[in-house]
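Novice: What follows is my_file.pdb, PDB, C-alpha atoms.
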```pdb
ATOM      1  CA  MET K  22      -5.495   9.971 -10.428
ATOM      2  CA  GLU K  23      -2.801   8.935  -7.981
ATOM      3  CA  ILE K  24      -1.973   5.317  -7.180
ATOM      4  CA  LYS K  25       0.170   4.784  -4.088
ATOM      5  CA  TRP K  26       1.605   1.389  -3.201
ATOM      6  CA  LEU K  27       1.624   0.674   0.532
ATOM      7  CA  GLY K  28       3.214  -2.751   0.111
ATOM      8  CA  HIS K  29       1.968  -6.270  -0.651
ATOM      9  CA  SER K  30      -1.493  -5.956  -2.344
ATOM     10  CA  SER K  31      -2.473  -2.694  -0.695
ATOM     11  CA  PHE K  32      -2.891   0.482  -2.737
ATOM     12  CA  LEU K  33      -4.346   3.872  -1.954
ATOM     13  CA  ILE K  34      -6.100   5.080  -5.109
ATOM     14  CA  THR K  35      -7.254   8.707  -5.155
ATOM     15  CA  ASP K  36      -9.186  10.179  -8.056
ATOM     16  CA  SER K  37      -9.222  13.774  -9.308
ATOM     17  CA  HIS K  38     -12.211  14.567  -7.050
ATOM     18  CA  GLY K  39     -10.367  13.420  -3.922
ATOM     19  CA  LYS K  40     -12.322  10.164  -3.566
ATOM     20  CA  SER K  41     -10.106   7.396  -2.194
ATOM     21  CA  ILE K  42     -10.102   3.608  -2.260
ATOM     22  CA  LEU K  43      -7.819   1.447  -0.105
ATOM     23  CA  THR K  44      -7.297  -2.131  -1.287
ATOM     24  CA  ASP K  45      -6.412  -5.159   0.859
ATOM     25  CA  PRO K  46      -5.003  -3.504   4.031
ATOM     26  CA  PHE K  47      -2.597  -5.671   6.064
ATOM     27  CA  ASN K  48      -1.506  -5.875   9.680
ATOM     28  CA  ALA K  49       2.000  -5.005  10.873
ATOM     29  CA  SER K  50       3.186  -8.608  11.146
ATOM     30  CA  ILE K  51       3.924  -8.839   7.421
ATOM     31  CA  GLY K  52       6.697  -6.252   7.649
ATOM     32  CA  TYR K  53       5.263  -3.095   6.085
ATOM     33  CA  GLU K  54       3.904  -0.066   7.911
ATOM     34  CA  THR K  55       0.128  -0.299   8.283
ATOM     35  CA  PHE K  56      -2.125   2.384   6.861
ATOM     36  CA  LYS K  57      -3.610   4.787   9.398
ATOM     37  CA  GLY K  58      -5.894   7.411   7.964
ATOM     38  CA  LYS K  59      -9.251   8.172   6.423
ATOM     39  CA  VAL K  60     -10.567   6.783   3.141
ATOM     40  CA  ASP K  61     -13.909   6.667   1.385
ATOM     41  CA  LEU K  62     -13.863   2.932   0.680
ATOM     42  CA  VAL K  63     -11.909  -0.211   1.590
ATOM     43  CA  THR K  64     -12.021  -3.329  -0.581
ATOM     44  CA  ILE K  65     -11.013  -6.729   0.767
ATOM     45  CA  SER K  66     -10.377  -9.522  -1.713
ATOM     46  CA  HIS K  67     -10.444 -12.219   0.993
ATOM     47  CA  HIS K  68     -10.293 -12.516   4.760
ATOM     48  CA  HIS K  69      -6.653 -13.343   5.478
ATOM     49  CA  PHE K  70      -4.617 -11.250   7.925
ATOM     50  CA  ASP K  71      -2.432  -9.762   5.200
ATOM     51  CA  HIS K  72      -5.458  -8.436   3.282
ATOM     52  CA  ASN K  73      -8.205  -7.445   5.736
ATOM     53  CA  PHE K  74      -6.790  -5.352   8.608
ATOM     54  CA  THR K  75      -9.051  -2.324   9.111
ATOM     55  CA  LYS K  76      -8.585  -1.574  12.825
ATOM     56  CA  ASP K  77      -6.654   1.681  12.362
ATOM     57  CA  ILE K  78      -8.552   2.949   9.308
ATOM     58  CA  MET K  79     -11.299   5.565   9.365
ATOM     59  CA  VAL K  80     -13.721   4.522   6.623
ATOM     60  CA  ALA K  81     -16.495   6.878   5.545
ATOM     61  CA  ASP K  82     -19.933   5.404   6.360
ATOM     62  CA  ASN K  83     -18.230   2.081   7.126
ATOM     63  CA  ASN K  84     -17.771   1.454   3.393
ATOM     64  CA  ILE K  85     -15.899  -1.844   3.625
ATOM     65  CA  LEU K  86     -16.569  -4.083   0.645
ATOM     66  CA  SER K  87     -15.665  -7.773   0.650
ATOM     67  CA  ARG K  88     -18.266  -9.429  -1.545
ATOM     68  CA  ALA K  89     -19.074  -9.918  -5.187
ATOM     69  CA  GLY K  90     -21.685  -7.839  -6.953
ATOM     70  CA  LEU K  91     -22.309  -4.538  -8.690
ATOM     71  CA  PHE K  92     -22.031  -1.438  -6.513
ATOM     72  CA  ASN K  93     -21.866   2.341  -6.677
ATOM     73  CA  ILE K  94     -20.150   3.755  -3.601
ATOM     74  CA  CYS K  95     -19.187   7.432  -3.341
ATOM     75  CA  ASP K  96     -20.093   7.763  -7.025
ATOM     76  CA  ILE K  97     -17.518   5.103  -7.919
ATOM     77  CA  PRO K  98     -18.926   2.186  -9.964
ATOM     78  CA  ILE K  99     -17.482  -1.091  -8.662
ATOM     79  CA  LEU K 100     -17.789  -4.647  -9.894
ATOM     80  CA  GLY K 101     -16.825  -7.557  -7.635
ATOM     81  CA  ILE K 102     -16.257 -10.848  -9.459
ATOM     82  CA  PRO K 103     -15.952 -14.153  -7.552
ATOM     83  CA  SER K 104     -12.825 -16.242  -8.092
ATOM     84  CA  TYR K 105     -10.508 -18.526  -6.136
ATOM     85  CA  HIS K 106      -7.339 -18.281  -4.083
ATOM     86  CA  ASP K 107      -6.004 -21.561  -5.487
ATOM     87  CA  LYS K 108      -6.193 -23.920  -8.455
ATOM     88  CA  VAL K 109      -8.775 -26.238  -6.859
ATOM     89  CA  GLN K 110     -11.852 -23.978  -6.730
ATOM     90  CA  GLY K 111     -11.088 -22.676  -3.272
ATOM     91  CA  THR K 112     -10.821 -25.989  -1.445
ATOM     92  CA  LYS K 113      -7.249 -25.210  -0.348
ATOM     93  CA  ARG K 114      -7.226 -21.455   0.356
ATOM     94  CA  GLY K 115     -10.795 -20.296  -0.148
ATOM     95  CA  ASP K 116     -12.474 -17.680  -2.279
ATOM     96  CA  ASN K 117     -11.119 -14.443  -3.739
ATOM     97  CA  ILE K 118     -12.870 -11.365  -5.095
ATOM     98  CA  ILE K 119     -11.597  -9.532  -8.172
ATOM     99  CA  PHE K 120     -12.553  -5.852  -7.965
ATOM    100  CA  ILE K 121     -12.966  -3.521 -10.941
ATOM    101  CA  PHE K 122     -13.234   0.219 -10.286
ATOM    102  CA  HIS K 123     -14.257   2.933 -12.751
ATOM    103  CA  MET K 124     -12.444   6.141 -11.753
ATOM    104  CA  ASP K 125     -11.509   9.243 -13.764
ATOM    105  CA  GLY K 126     -12.513   7.480 -16.965
ATOM    106  CA  TYR K 127     -10.195   4.507 -16.354
ATOM    107  CA  ARG K 128     -11.135   0.921 -15.512
ATOM    108  CA  LEU K 129      -8.858  -0.498 -12.825
ATOM    109  CA  CYS K 130      -8.750  -4.213 -11.997
ATOM    110  CA  HIS K 131      -7.348  -5.503  -8.697
ATOM    111  CA  LEU K 132      -7.004  -9.280  -8.879
ATOM    112  CA  GLY K 133      -6.507  -9.812  -5.138
ATOM    113  CA  ASP K 134      -4.896 -13.158  -4.293
ATOM    114  CA  LEU K 135      -5.921 -14.853  -7.513
ATOM    115  CA  GLY K 136      -4.492 -18.371  -7.509
ATOM    116  CA  PHE K 137      -5.139 -19.581 -11.060
ATOM    117  CA  VAL K 138      -4.988 -18.330 -14.639
ATOM    118  CA  LEU K 139      -8.411 -17.206 -15.762
ATOM    119  CA  SER K 140      -9.876 -18.783 -18.883
ATOM    120  CA  LYS K 141     -10.565 -16.677 -21.982
ATOM    121  CA  GLU K 142     -14.263 -16.762 -21.079
ATOM    122  CA  GLU K 143     -13.530 -15.526 -17.555
ATOM    123  CA  VAL K 144     -11.243 -12.798 -18.900
ATOM    124  CA  SER K 145     -13.997 -11.616 -21.241
ATOM    125  CA  LYS K 146     -16.197 -10.953 -18.191
ATOM    126  CA  LEU K 147     -13.637  -8.427 -16.940
ATOM    127  CA  GLY K 148     -14.112  -6.233 -19.989
ATOM    128  CA  ASN K 149     -11.499  -3.760 -21.163
ATOM    129  CA  ILE K 150      -8.999  -2.970 -18.441
ATOM    130  CA  ASP K 151      -6.806   0.118 -18.378
ATOM    131  CA  ILE K 152      -4.787  -0.549 -15.213
ATOM    132  CA  LEU K 153      -4.182  -4.062 -13.878
ATOM    133  CA  PHE K 154      -2.946  -4.920 -10.368
ATOM    134  CA  ILE K 155      -1.670  -8.501 -10.515
ATOM    135  CA  PRO K 156      -0.004 -10.814  -7.957
ATOM    136  CA  VAL K 157       3.267 -12.282  -9.230
ATOM    137  CA  GLY K 158       4.978 -13.837  -6.191
ATOM    138  CA  GLY K 159       3.751 -17.417  -6.416
ATOM    139  CA  ASN K 160       3.400 -19.765  -3.437
ATOM    140  CA  TYR K 161      -0.088 -18.485  -2.518
ATOM    141  CA  THR K 162      -1.031 -16.813  -5.812
ATOM    142  CA  LEU K 163      -0.059 -16.681  -9.471
ATOM    143  CA  ASP K 164       3.661 -17.037 -10.028
ATOM    144  CA  GLY K 165       5.646 -14.924 -12.467
ATOM    145  CA  LYS K 166       4.990 -17.118 -15.502
ATOM    146  CA  GLU K 167       1.276 -17.461 -14.757
ATOM    147  CA  ALA K 168       0.989 -13.722 -14.160
ATOM    148  CA  PHE K 169       2.594 -13.119 -17.547
ATOM    149  CA  GLN K 170       0.179 -15.514 -19.244
ATOM    150  CA  LEU K 171      -2.830 -13.833 -17.657
ATOM    151  CA  SER K 172      -1.491 -10.341 -18.362
ATOM    152  CA  LYS K 173      -1.312 -11.207 -22.050
ATOM    153  CA  LEU K 174      -4.913 -12.419 -22.003
ATOM    154  CA  ILE K 175      -6.236  -9.330 -20.214
ATOM    155  CA  ASN K 176      -4.054  -6.996 -22.305
ATOM    156  CA  SER K 177      -4.379  -3.892 -20.144
ATOM    157  CA  HIS K 178      -2.586  -0.647 -20.893
ATOM    158  CA  ILE K 179      -0.677  -0.522 -17.590
ATOM    159  CA  ILE K 180       0.308  -3.386 -15.268
ATOM    160  CA  ILE K 181       1.292  -2.845 -11.638
ATOM    161  CA  PRO K 182       2.727  -6.023 -10.056
ATOM    162  CA  MET K 183       2.002  -6.771  -6.397
ATOM    163  CA  HIS K 184       2.196  -9.516  -3.756
ATOM    164  CA  TYR K 185       5.855 -10.403  -4.222
ATOM    165  CA  LYS K 186       8.957 -10.642  -2.046
ATOM    166  CA  THR K 187      10.736  -7.494  -0.904
ATOM    167  CA  PRO K 188      13.297  -7.070   1.888
ATOM    168  CA  ASN K 189      10.479  -5.916   4.183
ATOM    169  CA  LEU K 190       8.117  -8.829   3.666
ATOM    170  CA  SER K 191       8.178 -11.318   6.542
ATOM    171  CA  PHE K 192       7.154 -14.495   4.684
ATOM    172  CA  PRO K 193       8.444 -16.302   1.592
ATOM    173  CA  LEU K 194       7.301 -15.309  -1.880
ATOM    174  CA  ASP K 195       9.122 -15.076  -5.188
ATOM    175  CA  GLY K 196      10.457 -11.705  -6.182
ATOM    176  CA  LEU K 197       9.838  -9.889  -9.442
ATOM    177  CA  ASP K 198      12.551 -11.607 -11.476
ATOM    178  CA  MET K 199      10.485 -14.405 -13.018
ATOM    179  CA  PHE K 200       7.645 -12.102 -14.045
ATOM    180  CA  LEU K 201      10.023  -9.546 -15.538
ATOM    181  CA  SER K 202      11.932 -12.225 -17.435
ATOM    182  CA  TYR K 203       8.727 -12.979 -19.337
ATOM    183  CA  ILE K 204       7.085  -9.560 -19.640
ATOM    184  CA  LYS K 205      10.234  -7.560 -20.647
ATOM    185  CA  ASN K 206       8.387  -4.257 -20.769
ATOM    186  CA  ALA K 207       8.941  -2.588 -17.409
ATOM    187  CA  ASP K 208       9.715   0.829 -15.988
ATOM    188  CA  LYS K 209      10.931   1.209 -12.423
ATOM    189  CA  ILE K 210       9.270   4.151 -10.692
ATOM    190  CA  ASN K 211      11.593   5.534  -8.030
ATOM    191  CA  ASN K 212       8.695   6.347  -5.759
ATOM    192  CA  ASN K 213       5.797   4.574  -4.093
ATOM    193  CA  TYR K 214       3.212   6.414  -6.169
ATOM    194  CA  ILE K 215       2.371   7.152  -9.770
ATOM    195  CA  LYS K 216       0.042   9.731 -11.285
ATOM    196  CA  ILE K 217      -2.152   8.664 -14.207
ATOM    197  CA  THR K 218      -3.582  11.371 -16.447
ATOM    198  CA  GLY K 219      -4.732  11.704 -20.025
ATOM    199  CA  ASP K 220      -4.862   9.087 -22.748
ATOM    200  CA  ILE K 221      -2.968   5.861 -22.027
ATOM    201  CA  SER K 222      -4.415   3.870 -24.940
ATOM    202  CA  ASP K 223      -1.074   3.861 -26.762
ATOM    203  CA  MET K 224       0.399   1.663 -24.007
ATOM    204  CA  SER K 225       0.093  -2.119 -24.099
ATOM    205  CA  ASN K 226       0.982  -4.236 -21.042
ATOM    206  CA  LYS K 227       3.385  -1.558 -19.848
ATOM    207  CA  VAL K 228       4.669  -2.584 -16.429
ATOM    208  CA  LYS K 229       5.146   0.100 -13.767
ATOM    209  CA  ILE K 230       7.171  -1.088 -10.762
ATOM    210  CA  LEU K 231       6.481   1.043  -7.699
ATOM    211  CA  ASP K 232       8.828   1.393  -4.743
ATOM    212  CA  TYR K 233       7.281   0.226  -1.459
ATOM    213  CA  LYS K 234       9.227   2.706   0.730
TER     214      LYS K 234
END
```
Here is a file; write its structure as structure tokens.

Specialist:
Amino acid sequence: MEIKWLGHSSFLITDSHGKSILTDPFNASIGYETFKGKVDLVTISHHHFDHNFTKDIMVADNNILSRAGLFNICDIPILGIPSYHDKVQGTKRGDNIIFIFHMDGYRLCHLGDLGFVLSKEEVSKLGNIDILFIPVGGNYTLDGKEAFQLSKLINSHIIIPMHYKTPNLSFPLDGLDMFLSYIKNADKINNNYIKITGDISDMSNKVKILDYK
């Protein structure tokens, strides 16, 4: 499996059979280059401009998923779990969908723009997670401390932080510093992609920081 970070909360995930998922595509106003290409599936955690831009994307059979439920698209089992974009049950910023994908024997969890720390009961509904994509930039989502707290509860094998400030991003978020000061278990990957193969069960909350360039 290859996971490529396109910036912000957008990842291109391609399994060993060539099936591809694009998460939370953004428009050009946020500062990163928009994705232009063909994918098998697009997931949208919520309908804000920095997470739902599909104009330039060729999506097989119009497979654009933005709702909760249990799905099987292109032979990829997907679970969409409702949540909120804030700490007040969506009254400030609306709803958010957490997506869990089962690909190449791994369970991947993309938290979208989650705005609050899930309870232990809510975490239990996620099940065992191998690879966790978690927002850490605060302001609109979890901040670094909250992301750390939730990461410990979920206890995935690999954590990939997202939705934080970089030199390219056009609006204010926190950077990675706060999250890393708590997690203290990070590797910087000098590329915008990482390949995941084999058994990763010996890892525990291992942070992989991808380059957005």

Novice: Nearest residue to Asp45 (chain K) out of K:Leu174, K:Val157, K:Met183, K:Leu139, using only C-alpha atoms?

Specialist: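 Nearest candidate to Asp45 (chain K) out of K:Leu174, K:Val157, K:Met183, K:Leu139: K:Met183.
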
Novice: Hey, which of K:Ile118, K:His68, K:Leu163, K:Gly52 ends up closest to Gly90 (chain K)? Count all atoms listed in the file.

Specialist: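 That would be K:Ile118, the residue with the smallest distance to Gly90 (chain K).
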
Novice: Find the residue from K:Leu197, K:Gly58, K:Ile150, K:Ile24 that sits nearest to Asp36 (chain K); use only C-alpha atoms when measuring.

Specialist: K:Ile24

Novice: Convert the output of the PyMOL selection byres ((chain K and resi 121) around 7) on the shown file into explicit residues, formatted as a list of chain:residue names.

Specialist: K:Ile99, K:Leu100, K:Gly101, K:Ile119, K:Phe120, K:Phe122, K:His123, K:Arg128, K:Leu129, K:Cys130, K:His131

Novice: Suppose a student applies the PyMOL selection byres ((chain K and resi 31-35) around 10) to this structure; what residues should they get, written as a ChimeraX atom specification?

Specialist: /K:22-30,36-47,55-56,60-65,71-73,124-125,129,131,133,154,183-184,213-216

Novice: Only C-alpha atoms, please: the residues just picked out, written as an mmCIF file, in the frame of the given file.

Specialist:
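What ended up in out.cif:
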```
data_model
loop_
_atom_site.group_PDB
_atom_site.id
_atom_site.type_symbol
_atom_site.label_atom_id
_atom_site.label_comp_id
_atom_site.auth_asym_id
_atom_site.auth_seq_id
_atom_site.Cartn_x
_atom_site.Cartn_y
_atom_site.Cartn_z
ATOM 1 C CA MET K 22 -5.495 9.971 -10.428
ATOM 2 C CA GLU K 23 -2.801 8.935 -7.981
ATOM 3 C CA ILE K 24 -1.973 5.317 -7.180
ATOM 4 C CA LYS K 25 0.170 4.784 -4.088
ATOM 5 C CA TRP K 26 1.605 1.389 -3.201
ATOM 6 C CA LEU K 27 1.624 0.674 0.532
ATOM 7 C CA GLY K 28 3.214 -2.751 0.111
ATOM 8 C CA HIS K 29 1.968 -6.270 -0.651
ATOM 9 C CA SER K 30 -1.493 -5.956 -2.344
ATOM 10 C CA ASP K 36 -9.186 10.179 -8.056
ATOM 11 C CA SER K 37 -9.222 13.774 -9.308
ATOM 12 C CA HIS K 38 -12.211 14.567 -7.050
ATOM 13 C CA GLY K 39 -10.367 13.420 -3.922
ATOM 14 C CA LYS K 40 -12.322 10.164 -3.566
ATOM 15 C CA SER K 41 -10.106 7.396 -2.194
ATOM 16 C CA ILE K 42 -10.102 3.608 -2.260
ATOM 17 C CA LEU K 43 -7.819 1.447 -0.105
ATOM 18 C CA THR K 44 -7.297 -2.131 -1.287
ATOM 19 C CA ASP K 45 -6.412 -5.159 0.859
ATOM 20 C CA PRO K 46 -5.003 -3.504 4.031
ATOM 21 C CA PHE K 47 -2.597 -5.671 6.064
ATOM 22 C CA THR K 55 0.128 -0.299 8.283
ATOM 23 C CA PHE K 56 -2.125 2.384 6.861
ATOM 24 C CA VAL K 60 -10.567 6.783 3.141
ATOM 25 C CA ASP K 61 -13.909 6.667 1.385
ATOM 26 C CA LEU K 62 -13.863 2.932 0.680
ATOM 27 C CA VAL K 63 -11.909 -0.211 1.590
ATOM 28 C CA THR K 64 -12.021 -3.329 -0.581
ATOM 29 C CA ILE K 65 -11.013 -6.729 0.767
ATOM 30 C CA ASP K 71 -2.432 -9.762 5.200
ATOM 31 C CA HIS K 72 -5.458 -8.436 3.282
ATOM 32 C CA ASN K 73 -8.205 -7.445 5.736
ATOM 33 C CA MET K 124 -12.444 6.141 -11.753
ATOM 34 C CA ASP K 125 -11.509 9.243 -13.764
ATOM 35 C CA LEU K 129 -8.858 -0.498 -12.825
ATOM 36 C CA HIS K 131 -7.348 -5.503 -8.697
ATOM 37 C CA GLY K 133 -6.507 -9.812 -5.138
ATOM 38 C CA PHE K 154 -2.946 -4.920 -10.368
ATOM 39 C CA MET K 183 2.002 -6.771 -6.397
ATOM 40 C CA HIS K 184 2.196 -9.516 -3.756
ATOM 41 C CA ASN K 213 5.797 4.574 -4.093
ATOM 42 C CA TYR K 214 3.212 6.414 -6.169
ATOM 43 C CA ILE K 215 2.371 7.152 -9.770
ATOM 44 C CA LYS K 216 0.042 9.731 -11.285
#
```

Novice: Select, from K:Asp208, K:Ala49, K:Glu143, K:Tyr203, the residue with the minimum atom-to-atom distance to Lys173 (chain K), counting all atoms listed in the file.

Specialist: K:Tyr203

Novice: Return as a PDB file with C-alpha atoms, keeping the file's coordinate frame the set of residues that the PyMOL selection byres ((chain K and resi 192-195) around 8) yields on the displayed structure.

Specialist:
```pdb
ATOM      1  CA  ILE K  51       3.924  -8.839   7.421  1.00  0.00           C
ATOM      2  CA  VAL K 157       3.267 -12.282  -9.230  1.00  0.00           C
ATOM      3  CA  GLY K 158       4.978 -13.837  -6.191  1.00  0.00           C
ATOM      4  CA  GLY K 159       3.751 -17.417  -6.416  1.00  0.00           C
ATOM      5  CA  ASN K 160       3.400 -19.765  -3.437  1.00  0.00           C
ATOM      6  CA  ASP K 164       3.661 -17.037 -10.028  1.00  0.00           C
ATOM      7  CA  HIS K 184       2.196  -9.516  -3.756  1.00  0.00           C
ATOM      8  CA  TYR K 185       5.855 -10.403  -4.222  1.00  0.00           C
ATOM      9  CA  LYS K 186       8.957 -10.642  -2.046  1.00  0.00           C
ATOM     10  CA  LEU K 190       8.117  -8.829   3.666  1.00  0.00           C
ATOM     11  CA  SER K 191       8.178 -11.318   6.542  1.00  0.00           C
ATOM     12  CA  GLY K 196      10.457 -11.705  -6.182  1.00  0.00           C
ATOM     13  CA  LEU K 197       9.838  -9.889  -9.442  1.00  0.00           C
ATOM     14  CA  ASP K 198      12.551 -11.607 -11.476  1.00  0.00           C
ATOM     15  CA  MET K 199      10.485 -14.405 -13.018  1.00  0.00           C
TER      16      MET K 199
END
```

Novice: Enclose region 124-135 of chain K, meaning all of its atoms listed in the file, in a box aligned along x, y and z, pad it by 4 Å on each side, and list the centre and edge lengths in Å to one decimal, as lines of an AutoDock Vina configuration file.

Specialist:
```
center_x = -8.7
center_y = -2.8
center_z = -10.6
size_x = 15.6
size_y = 32.1
size_z = 20.7
```

Novice: Can you list, as a JSON list (two decimals) with C-alpha atoms, keeping the file's coordinate frame, every protein, DNA or RNA residue that comes within 7 Å of Asn226 (chain K) when you count only C-alpha atoms, leaving out same-chain residues fewer than 5 positions away?

Specialist:
```json
[["chain", "number", "residue", "atom", "x", "y", "z"],
["K", 176, "ASN", "CA", -4.05, -7.00, -22.30],
["K", 177, "SER", "CA", -4.38, -3.89, -20.14],
["K", 178, "HIS", "CA", -2.59, -0.65, -20.89],
["K", 179, "ILE", "CA", -0.68, -0.52, -17.59],
["K", 180, "ILE", "CA", 0.31, -3.39, -15.27]]
```

Novice: Of the residues K:Lys227, K:Lys57, K:Lys166, K:Lys141, which is the one nearest to Ser202 (chain K), using all atoms listed in the file?

Specialist: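 Ranking K:Lys227, K:Lys57, K:Lys166, K:Lys141 by distance to Ser202 (chain K), first place goes to K:Lys166.
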
Novice: Using CA of Ser66 (chain K) and CA of Ile210 (chain K) as the two end points, give the distance in Å to one decimal.

Specialist: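 Pair CA of Ser66 (chain K) / CA of Ile210 (chain K) returns 25.6 Å.
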